[in-house]
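Notes for the one structure printed next.
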Amino acid sequence: MNTLVNIALLNLVSPPILFFILGTIAARLKSDLDISAGLGKTLSLYLMLAIGFKGGVELSRSELSLTTLTALLTAAMLSFALPFIAYGFIRLTTKMDRIDAGAISAHYGSISLVTFVAGTAFLEMHAEHFEGFLIVMMVLMEAPPIISGLLLARQGLTAAKERHKPLFSPKLLREVFFGWTIFILLGSLLIGFLTGDRGMTDMAGFIGLPFIGFLCLFMLEMGLVAGRRLEELRTFGLPLILFGFYMPLVGASLGILAGLLIGLSPGGVTLLAILCASASYIVVPAALRHALPQANLSISIPLVLGVTFPFNILLGIPLYYYAAKLGWSVIRTG
């Protein structure tokens, strides 16, 4: 337990987390501190490019194996299944209708890229290796929960013509598979894979030392966003707010169990847990706006950004890392 406390404290005093807290405080104090939308998108673009490129380089160093294929399949299955679990909790503990419950559940099956980036930075701080194909796993976990969420939400549509509408439209498919976030991740992953170590040497000055600095700026912006969203939580009932805390723990537990069974490294298990614990606030809302306009996204986005995201960033990541290391050591010694 002392080890967990030490890991959590070390995470809390790391620069990215402190900048996140600073942004949250600034928002709560109604400071005029602001980061323009253009700069925010540039920071996002940089982080996705860096993470994708690093993952591609790591992938070029490893061989395609049964573990890799099993891990990719497991990631897709987990992301498809998690919304059903989330939907069950929401329907059991709240009076929310099926459409909104389905929409929220889709967010909690998908992933938060920012949480993943914070997780990789945390692992690098602890000199913990992780498999390069985790980036591919992250990409694979974007689309399945949207399918699950739509299937669950469609049960709440009363008009027969709405229930029997096609589940997907060309616009939705384009949003999910060719949106700029997925496109730059896959593109930079491919470039990193093709250029390998030589490419990493060429890019070291861009995605090496500057990475933490750009991450701190981005976390400052995310703190501002999260702090402003806290106001909206007053309209939620306590059961839904509690859901925003315990659902990440449920997802992370499944991710840790799956990672250990697959045979991932402690760092890989940690990142899979982070992926399963995080919740989307970019890809899923954009997709549901087109596919499920009846859903009230003013519920899901504040819940994700005001509760789940801060919980994962501040406490979840060190907790998942500790649990992954503990589980890995038990399996190894057992």
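The way I read the labels, and the way they are meant: chains A, B, ... in the order of the structure tokens, residue 1 as the first residue of every chain, and ligand 1 as the first ligand shown, with later ones counted on from there.
Every protein, DNA or RNA residue with an atom at most 7 Å from range 22-32 of chain A, where only C-alpha atoms count and chain neighbours fewer than 2 positions away do not, is listed here: A:Leu18, A:Phe19, A:Phe20, A:Asp34, A:Leu220, A:Glu221, A:Gly223, A:Leu224, A:Ala226, A:Gly227, A:Arg228.
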Output N, CA and C atoms for every residue in the selection just made, as a PDB file, in the first residue's frame.
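Ended up saving to again13.pdb:
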ATOM      1  N   LEU A  18       0.443  18.629 -12.626  1.00  0.00           N
ATOM      2  CA  LEU A  18       0.362  19.924 -11.946  1.00  0.00           C
ATOM      3  C   LEU A  18      -0.193  21.001 -12.867  1.00  0.00           C
ATOM      4  N   PHE A  19       0.139  20.938 -14.158  1.00  0.00           N
ATOM      5  CA  PHE A  19      -0.430  21.895 -15.100  1.00  0.00           C
ATOM      6  C   PHE A  19      -1.917  21.643 -15.304  1.00  0.00           C
ATOM      7  N   PHE A  20      -2.330  20.381 -15.258  1.00  0.00           N
ATOM      8  CA  PHE A  20      -3.761  20.067 -15.331  1.00  0.00           C
ATOM      9  C   PHE A  20      -4.489  20.675 -14.136  1.00  0.00           C
ATOM     10  N   ASP A  34      -6.643  31.514 -21.061  1.00  0.00           N
ATOM     11  CA  ASP A  34      -7.329  30.785 -22.117  1.00  0.00           C
ATOM     12  C   ASP A  34      -6.311  30.301 -23.142  1.00  0.00           C
ATOM     13  N   LEU A 220      -2.719  21.725 -19.463  1.00  0.00           N
ATOM     14  CA  LEU A 220      -3.233  23.001 -18.955  1.00  0.00           C
ATOM     15  C   LEU A 220      -4.575  23.315 -19.604  1.00  0.00           C
ATOM     16  N   GLU A 221      -4.647  23.120 -20.925  1.00  0.00           N
ATOM     17  CA  GLU A 221      -5.914  23.351 -21.627  1.00  0.00           C
ATOM     18  C   GLU A 221      -7.000  22.395 -21.135  1.00  0.00           C
ATOM     19  N   GLY A 223      -7.216  21.013 -18.258  1.00  0.00           N
ATOM     20  CA  GLY A 223      -7.628  21.445 -16.923  1.00  0.00           C
ATOM     21  C   GLY A 223      -8.646  22.567 -17.003  1.00  0.00           C
ATOM     22  N   LEU A 224      -8.436  23.496 -17.923  1.00  0.00           N
ATOM     23  CA  LEU A 224      -9.400  24.582 -18.125  1.00  0.00           C
ATOM     24  C   LEU A 224     -10.755  24.042 -18.558  1.00  0.00           C
ATOM     25  N   ALA A 226     -11.960  20.907 -18.151  1.00  0.00           N
ATOM     26  CA  ALA A 226     -12.570  20.113 -17.081  1.00  0.00           C
ATOM     27  C   ALA A 226     -13.130  21.006 -15.984  1.00  0.00           C
ATOM     28  N   GLY A 227     -12.392  22.054 -15.625  1.00  0.00           N
ATOM     29  CA  GLY A 227     -12.847  22.958 -14.587  1.00  0.00           C
ATOM     30  C   GLY A 227     -14.148  23.658 -14.947  1.00  0.00           C
ATOM     31  N   ARG A 228     -14.298  24.012 -16.218  1.00  0.00           N
ATOM     32  CA  ARG A 228     -15.530  24.667 -16.658  1.00  0.00           C
ATOM     33  C   ARG A 228     -16.695  23.693 -16.705  1.00  0.00           C
TER      34      ARG A 228
END
All residues 12 Å or closer to Glu63 in chain A, only C-alpha atoms, same chain fewer than 4 positions away omitted, as a tab-separated table (two decimals) with N, CA and C atoms, in the first residue's frame:
chain	number	residue	atom	x	y	z
A	58	GLU	N	8.40	1.27	-32.38
A	58	GLU	CA	8.40	0.09	-31.50
A	58	GLU	C	7.87	-1.13	-32.24
A	59	LEU	N	6.86	-0.92	-33.07
A	59	LEU	CA	6.28	-2.03	-33.83
A	59	LEU	C	7.29	-2.59	-34.82
A	67	THR	N	0.75	-13.48	-29.89
A	67	THR	CA	0.40	-12.55	-28.81
A	67	THR	C	-0.13	-11.24	-29.37
A	68	THR	N	0.53	-10.75	-30.43
A	68	THR	CA	0.09	-9.50	-31.05
A	68	THR	C	-1.32	-9.62	-31.60
A	69	LEU	N	-1.56	-10.68	-32.37
A	69	LEU	CA	-2.88	-10.87	-32.98
A	69	LEU	C	-3.96	-11.07	-31.91
A	131	GLU	N	4.55	-2.50	-25.22
A	131	GLU	CA	4.56	-2.98	-26.59
A	131	GLU	C	4.06	-1.91	-27.57
A	132	GLY	N	4.72	-1.82	-28.73
A	132	GLY	CA	4.35	-0.83	-29.73
A	132	GLY	C	2.97	-1.03	-30.30
A	133	PHE	N	2.50	-2.29	-30.33
A	133	PHE	CA	1.18	-2.53	-30.92
A	133	PHE	C	0.04	-2.03	-30.05
A	193	PHE	N	6.76	2.99	-38.47
A	193	PHE	CA	7.05	1.58	-38.78
A	193	PHE	C	7.99	1.46	-39.98
Proximity to Val250 in chain A - best of A:His126, A:Gly109, A:Leu238, A:Leu297, only C-alpha atoms: A:Gly109
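For Met138 in chain A, the set of protein, DNA and RNA residues having any atom at most 8 Å away, when counting only C-alpha atoms and skipping those fewer than 5 positions along the same chain, is Ala75, Ile111 and Leu275 of chain A.
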Top pick for closest residue to Leu140 in chain A, considering A:Ala127, A:Met77, A:Leu82, A:Ile317 and counting only C-alpha atoms: A:Met77
Counting only C-alpha atoms, the option among A:Leu305, A:Ala324, A:Met141, A:Leu261 closest to Cys276 in chain A: A:Met141
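Ranking A:Ile104, A:Leu272, A:Leu92, A:Ala252 by their shortest atom-to-atom distance to Ala76 in chain A, with only C-alpha atoms included, puts A:Leu272 first.
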For Asp100 in chain A: contacts at 10 Å, only C-alpha atoms, fewer than 5 positions along chain excluded, given as number ranges by chain: A: 87, 90, 105-106, 149, 152-153, 156, 292, 294-297, 299-300
Output for the residues just chosen: all heavy atoms as a CSV table (one decimal), in the first residue's frame:
chain,number,residue,atom,x,y,z
A,87,TYR,N,-24.1,0.3,-19.8
A,87,TYR,CA,-25.5,0.4,-20.0
A,87,TYR,C,-26.3,-0.2,-18.8
A,87,TYR,O,-27.3,0.3,-18.3
A,87,TYR,CB,-25.9,-0.2,-21.3
A,87,TYR,CG,-27.4,0.0,-21.7
A,87,TYR,CD1,-27.9,1.1,-22.3
A,87,TYR,CD2,-28.3,-1.1,-21.4
A,87,TYR,CE1,-29.2,1.2,-22.6
A,87,TYR,CE2,-29.6,-1.0,-21.8
A,87,TYR,CZ,-30.1,0.2,-22.4
A,87,TYR,OH,-31.4,0.3,-22.7
A,90,ILE,N,-26.0,1.9,-15.7
A,90,ILE,CA,-26.8,3.2,-15.8
A,90,ILE,C,-28.3,2.9,-15.7
A,90,ILE,O,-29.0,3.6,-14.9
A,90,ILE,CB,-26.5,3.9,-17.2
A,90,ILE,CG1,-25.1,4.4,-17.2
A,90,ILE,CG2,-27.5,5.1,-17.4
A,90,ILE,CD1,-24.7,4.9,-18.6
A,105,SER,N,-23.1,5.0,-22.7
A,105,SER,CA,-22.4,3.7,-22.7
A,105,SER,C,-21.4,3.7,-23.8
A,105,SER,O,-20.3,3.1,-23.6
A,105,SER,CB,-23.3,2.6,-22.7
A,105,SER,OG,-24.0,2.5,-24.0
A,106,ALA,N,-21.7,4.2,-25.0
A,106,ALA,CA,-20.8,4.2,-26.1
A,106,ALA,C,-19.5,5.0,-25.7
A,106,ALA,O,-18.4,4.6,-26.1
A,106,ALA,CB,-21.4,4.9,-27.3
A,149,GLY,N,-23.1,1.1,-28.6
A,149,GLY,CA,-24.0,2.1,-28.1
A,149,GLY,C,-25.2,2.4,-29.0
A,149,GLY,O,-26.3,2.6,-28.5
A,152,LEU,N,-27.7,-0.4,-28.5
A,152,LEU,CA,-28.5,-0.3,-27.2
A,152,LEU,C,-29.4,0.9,-27.3
A,152,LEU,O,-30.6,0.8,-26.8
A,152,LEU,CB,-27.4,0.0,-26.1
A,152,LEU,CG,-26.6,-1.2,-25.7
A,152,LEU,CD1,-25.4,-0.8,-24.9
A,152,LEU,CD2,-27.4,-2.3,-25.0
A,153,ALA,N,-29.0,2.0,-27.9
A,153,ALA,CA,-29.9,3.2,-27.9
A,153,ALA,C,-31.1,3.0,-28.8
A,153,ALA,O,-32.2,3.5,-28.6
A,153,ALA,CB,-29.1,4.4,-28.4
A,156,GLY,N,-34.5,2.3,-27.6
A,156,GLY,CA,-35.4,3.3,-27.1
A,156,GLY,C,-36.1,4.1,-28.1
A,156,GLY,O,-36.9,5.0,-27.7
A,292,LEU,N,-27.1,9.5,-34.0
A,292,LEU,CA,-28.2,9.4,-32.9
A,292,LEU,C,-28.5,10.8,-32.5
A,292,LEU,O,-28.2,11.2,-31.3
A,292,LEU,CB,-27.7,8.6,-31.7
A,292,LEU,CG,-28.7,8.1,-30.8
A,292,LEU,CD1,-29.7,7.1,-31.4
A,292,LEU,CD2,-28.1,7.4,-29.6
A,294,GLN,N,-31.1,12.1,-31.5
A,294,GLN,CA,-32.0,12.2,-30.4
A,294,GLN,C,-31.3,12.2,-29.0
A,294,GLN,O,-31.9,12.6,-28.0
A,294,GLN,CB,-33.0,11.0,-30.4
A,294,GLN,CG,-33.8,10.8,-31.7
A,294,GLN,CD,-33.0,10.0,-32.7
A,294,GLN,OE1,-31.8,9.8,-32.6
A,294,GLN,NE2,-33.8,9.4,-33.7
A,295,ALA,N,-30.1,11.7,-29.0
A,295,ALA,CA,-29.3,11.6,-27.7
A,295,ALA,C,-28.9,13.0,-27.1
A,295,ALA,O,-28.6,13.9,-27.9
A,295,ALA,CB,-28.1,10.8,-27.9
A,296,ASN,N,-29.0,13.1,-25.8
A,296,ASN,CA,-28.6,14.4,-25.2
A,296,ASN,C,-27.1,14.3,-24.8
A,296,ASN,O,-26.8,13.8,-23.7
A,296,ASN,CB,-29.5,14.6,-23.9
A,296,ASN,CG,-29.2,15.9,-23.2
A,296,ASN,OD1,-28.4,16.7,-23.7
A,296,ASN,ND2,-29.8,16.1,-22.1
A,297,LEU,N,-26.3,14.8,-25.6
A,297,LEU,CA,-24.8,14.8,-25.4
A,297,LEU,C,-24.4,15.8,-24.3
A,297,LEU,O,-23.2,15.8,-23.9
A,297,LEU,CB,-24.1,15.1,-26.7
A,297,LEU,CG,-24.2,14.0,-27.8
A,297,LEU,CD1,-23.4,14.4,-29.0
A,297,LEU,CD2,-23.9,12.6,-27.3
A,299,ILE,N,-25.2,15.6,-21.5
A,299,ILE,CA,-25.1,14.8,-20.2
A,299,ILE,C,-23.7,14.1,-20.3
A,299,ILE,O,-23.0,14.1,-19.3
A,299,ILE,CB,-26.2,13.7,-20.1
A,299,ILE,CG1,-27.6,14.4,-20.1
A,299,ILE,CG2,-26.0,12.8,-18.9
A,299,ILE,CD1,-28.7,13.4,-20.1
A,300,SER,N,-23.4,13.4,-21.4
A,300,SER,CA,-22.3,12.5,-21.5
A,300,SER,C,-20.9,13.3,-21.4
A,300,SER,O,-20.0,12.9,-20.7
A,300,SER,CB,-22.3,11.7,-22.7
A,300,SER,OG,-22.5,12.4,-23.9
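Here the question is which of A:Gly316, A:Gly55, A:Pro145, A:Gly244 gets nearest to Gly102 in chain A using only C-alpha atoms, and that residue is A:Pro145.
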Surrounding residues of Gly268 in chain A excluding itself and chain neighbours under 5 positions, 12 Å, only C-alpha atoms, as a PyMOL selection string: chain A and resi 67-68+71+116+119-120+123+128-135+137-138+255-263+273-275+320-321+324-325+328
Could you write out the selected residues, including N, CA and C atoms, as a compact mmCIF listing (two decimals), in the first residue's frame?
# COMPACT_ATOMS: atom_id res chain seq x y z
N THR A 67 0.75 -13.48 -29.89
CA THR A 67 0.40 -12.55 -28.81
C THR A 67 -0.13 -11.24 -29.37
N THR A 68 0.53 -10.75 -30.43
CA THR A 68 0.09 -9.50 -31.05
C THR A 68 -1.32 -9.62 -31.60
N ALA A 71 -3.86 -9.94 -28.85
CA ALA A 71 -4.05 -8.66 -28.16
C ALA A 71 -4.96 -7.74 -28.97
N PHE A 116 -4.54 8.23 -22.61
CA PHE A 116 -3.52 7.30 -23.09
C PHE A 116 -2.16 7.98 -23.17
N GLY A 119 -0.78 8.36 -19.86
CA GLY A 119 -0.32 7.06 -19.38
C GLY A 119 1.05 6.71 -19.93
N THR A 120 1.28 6.97 -21.21
CA THR A 120 2.60 6.68 -21.79
C THR A 120 3.68 7.57 -21.16
N LEU A 123 4.52 6.10 -17.82
CA LEU A 123 5.36 4.91 -17.93
C LEU A 123 6.80 5.29 -18.28
N GLU A 128 9.34 2.37 -17.82
CA GLU A 128 8.59 1.12 -18.01
C GLU A 128 8.32 0.91 -19.51
N HIS A 129 8.78 -0.21 -20.03
CA HIS A 129 8.58 -0.53 -21.45
C HIS A 129 7.13 -0.96 -21.69
N PHE A 130 6.64 -0.69 -22.90
CA PHE A 130 5.35 -1.23 -23.32
C PHE A 130 5.39 -1.56 -24.80
N GLU A 131 4.55 -2.50 -25.22
CA GLU A 131 4.56 -2.98 -26.59
C GLU A 131 4.06 -1.91 -27.57
N GLY A 132 4.72 -1.82 -28.73
CA GLY A 132 4.35 -0.83 -29.73
C GLY A 132 2.97 -1.03 -30.30
N PHE A 133 2.50 -2.29 -30.33
CA PHE A 133 1.18 -2.53 -30.92
C PHE A 133 0.04 -2.03 -30.05
N LEU A 134 0.34 -1.49 -28.86
CA LEU A 134 -0.72 -0.88 -28.05
C LEU A 134 -1.36 0.28 -28.80
N ILE A 135 -0.59 0.95 -29.66
CA ILE A 135 -1.15 2.06 -30.45
C ILE A 135 -2.21 1.53 -31.40
N MET A 137 -3.92 -1.21 -30.93
CA MET A 137 -5.04 -1.60 -30.08
C MET A 137 -5.93 -0.39 -29.78
N MET A 138 -5.29 0.75 -29.52
CA MET A 138 -6.04 1.97 -29.22
C MET A 138 -6.95 2.35 -30.40
N GLY A 255 -9.40 -4.81 -18.20
CA GLY A 255 -8.20 -4.61 -19.02
C GLY A 255 -6.98 -5.27 -18.40
N ILE A 256 -6.83 -5.15 -17.10
CA ILE A 256 -5.69 -5.77 -16.41
C ILE A 256 -5.77 -7.29 -16.52
N LEU A 257 -6.96 -7.84 -16.28
CA LEU A 257 -7.14 -9.29 -16.37
C LEU A 257 -6.81 -9.78 -17.78
N ALA A 258 -7.34 -9.08 -18.79
CA ALA A 258 -7.09 -9.48 -20.18
C ALA A 258 -5.61 -9.35 -20.53
N GLY A 259 -4.98 -8.25 -20.10
CA GLY A 259 -3.56 -8.04 -20.40
C GLY A 259 -2.68 -9.11 -19.79
N LEU A 260 -2.98 -9.51 -18.57
CA LEU A 260 -2.21 -10.56 -17.90
C LEU A 260 -2.39 -11.91 -18.60
N LEU A 261 -3.62 -12.20 -19.01
CA LEU A 261 -3.89 -13.47 -19.69
C LEU A 261 -3.22 -13.53 -21.06
N ILE A 262 -3.16 -12.39 -21.75
CA ILE A 262 -2.52 -12.34 -23.06
C ILE A 262 -1.00 -12.49 -22.94
N GLY A 263 -0.46 -11.98 -21.85
CA GLY A 263 0.98 -12.03 -21.65
C GLY A 263 1.68 -10.72 -21.97
N ALA A 273 -5.28 -1.32 -19.46
CA ALA A 273 -6.20 -0.92 -18.39
C ALA A 273 -6.64 0.53 -18.57
N ILE A 274 -5.69 1.40 -18.94
CA ILE A 274 -6.02 2.82 -19.16
C ILE A 274 -6.99 2.96 -20.32
N LEU A 275 -6.78 2.21 -21.39
CA LEU A 275 -7.68 2.26 -22.54
C LEU A 275 -9.09 1.83 -22.14
N TYR A 320 -3.79 1.87 -11.67
CA TYR A 320 -3.75 0.80 -12.67
C TYR A 320 -2.33 0.26 -12.82
N TYR A 321 -1.36 1.14 -12.75
CA TYR A 321 0.04 0.71 -12.86
C TYR A 321 0.41 -0.19 -11.69
N ALA A 324 -1.33 -3.53 -12.13
CA ALA A 324 -0.71 -4.30 -13.21
C ALA A 324 0.61 -4.91 -12.76
N LYS A 325 1.43 -4.13 -12.06
CA LYS A 325 2.71 -4.64 -11.56
C LYS A 325 2.49 -5.75 -10.54
N TRP A 328 1.22 -8.87 -12.37
CA TRP A 328 2.28 -9.44 -13.18
C TRP A 328 3.29 -10.20 -12.30
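Using only C-alpha atoms for every distance, the candidate list A:Leu194, A:Ile212, A:Ile17, A:Val304 yields A:Val304 as the residue closest to Leu230 in chain A.
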Residues of range 86-280 of chain A in alpha helix (DSSP H), written as JSON, numbers by chain: {"A": [86, 87, 88, 89, 90, 91, 92, 93, 98, 99, 100, 101, 102, 103, 104, 105, 106, 107, 113, 114, 115, 116, 117, 118, 119, 120, 121, 122, 123, 124, 125, 134, 135, 136, 137, 138, 139, 140, 144, 145, 146, 147, 148, 149, 150, 151, 152, 153, 154, 160, 161, 162, 163, 170, 171, 172, 173, 174, 175, 176, 177, 178, 180, 181, 182, 183, 184, 185, 186, 187, 188, 189, 190, 191, 192, 193, 194, 195, 196, 197, 198, 199, 200, 201, 202, 203, 204, 205, 206, 207, 210, 211, 212, 213, 214, 215, 216, 217, 218, 219, 220, 221, 222, 223, 224, 225, 226, 227, 228, 229, 238, 239, 240, 241, 242, 243, 244, 245, 246, 247, 248, 249, 250, 251, 252, 253, 254, 255, 256, 257, 258, 259, 260, 261, 262, 266, 267, 268, 269, 270, 271, 272, 273, 274, 275, 276, 277]}
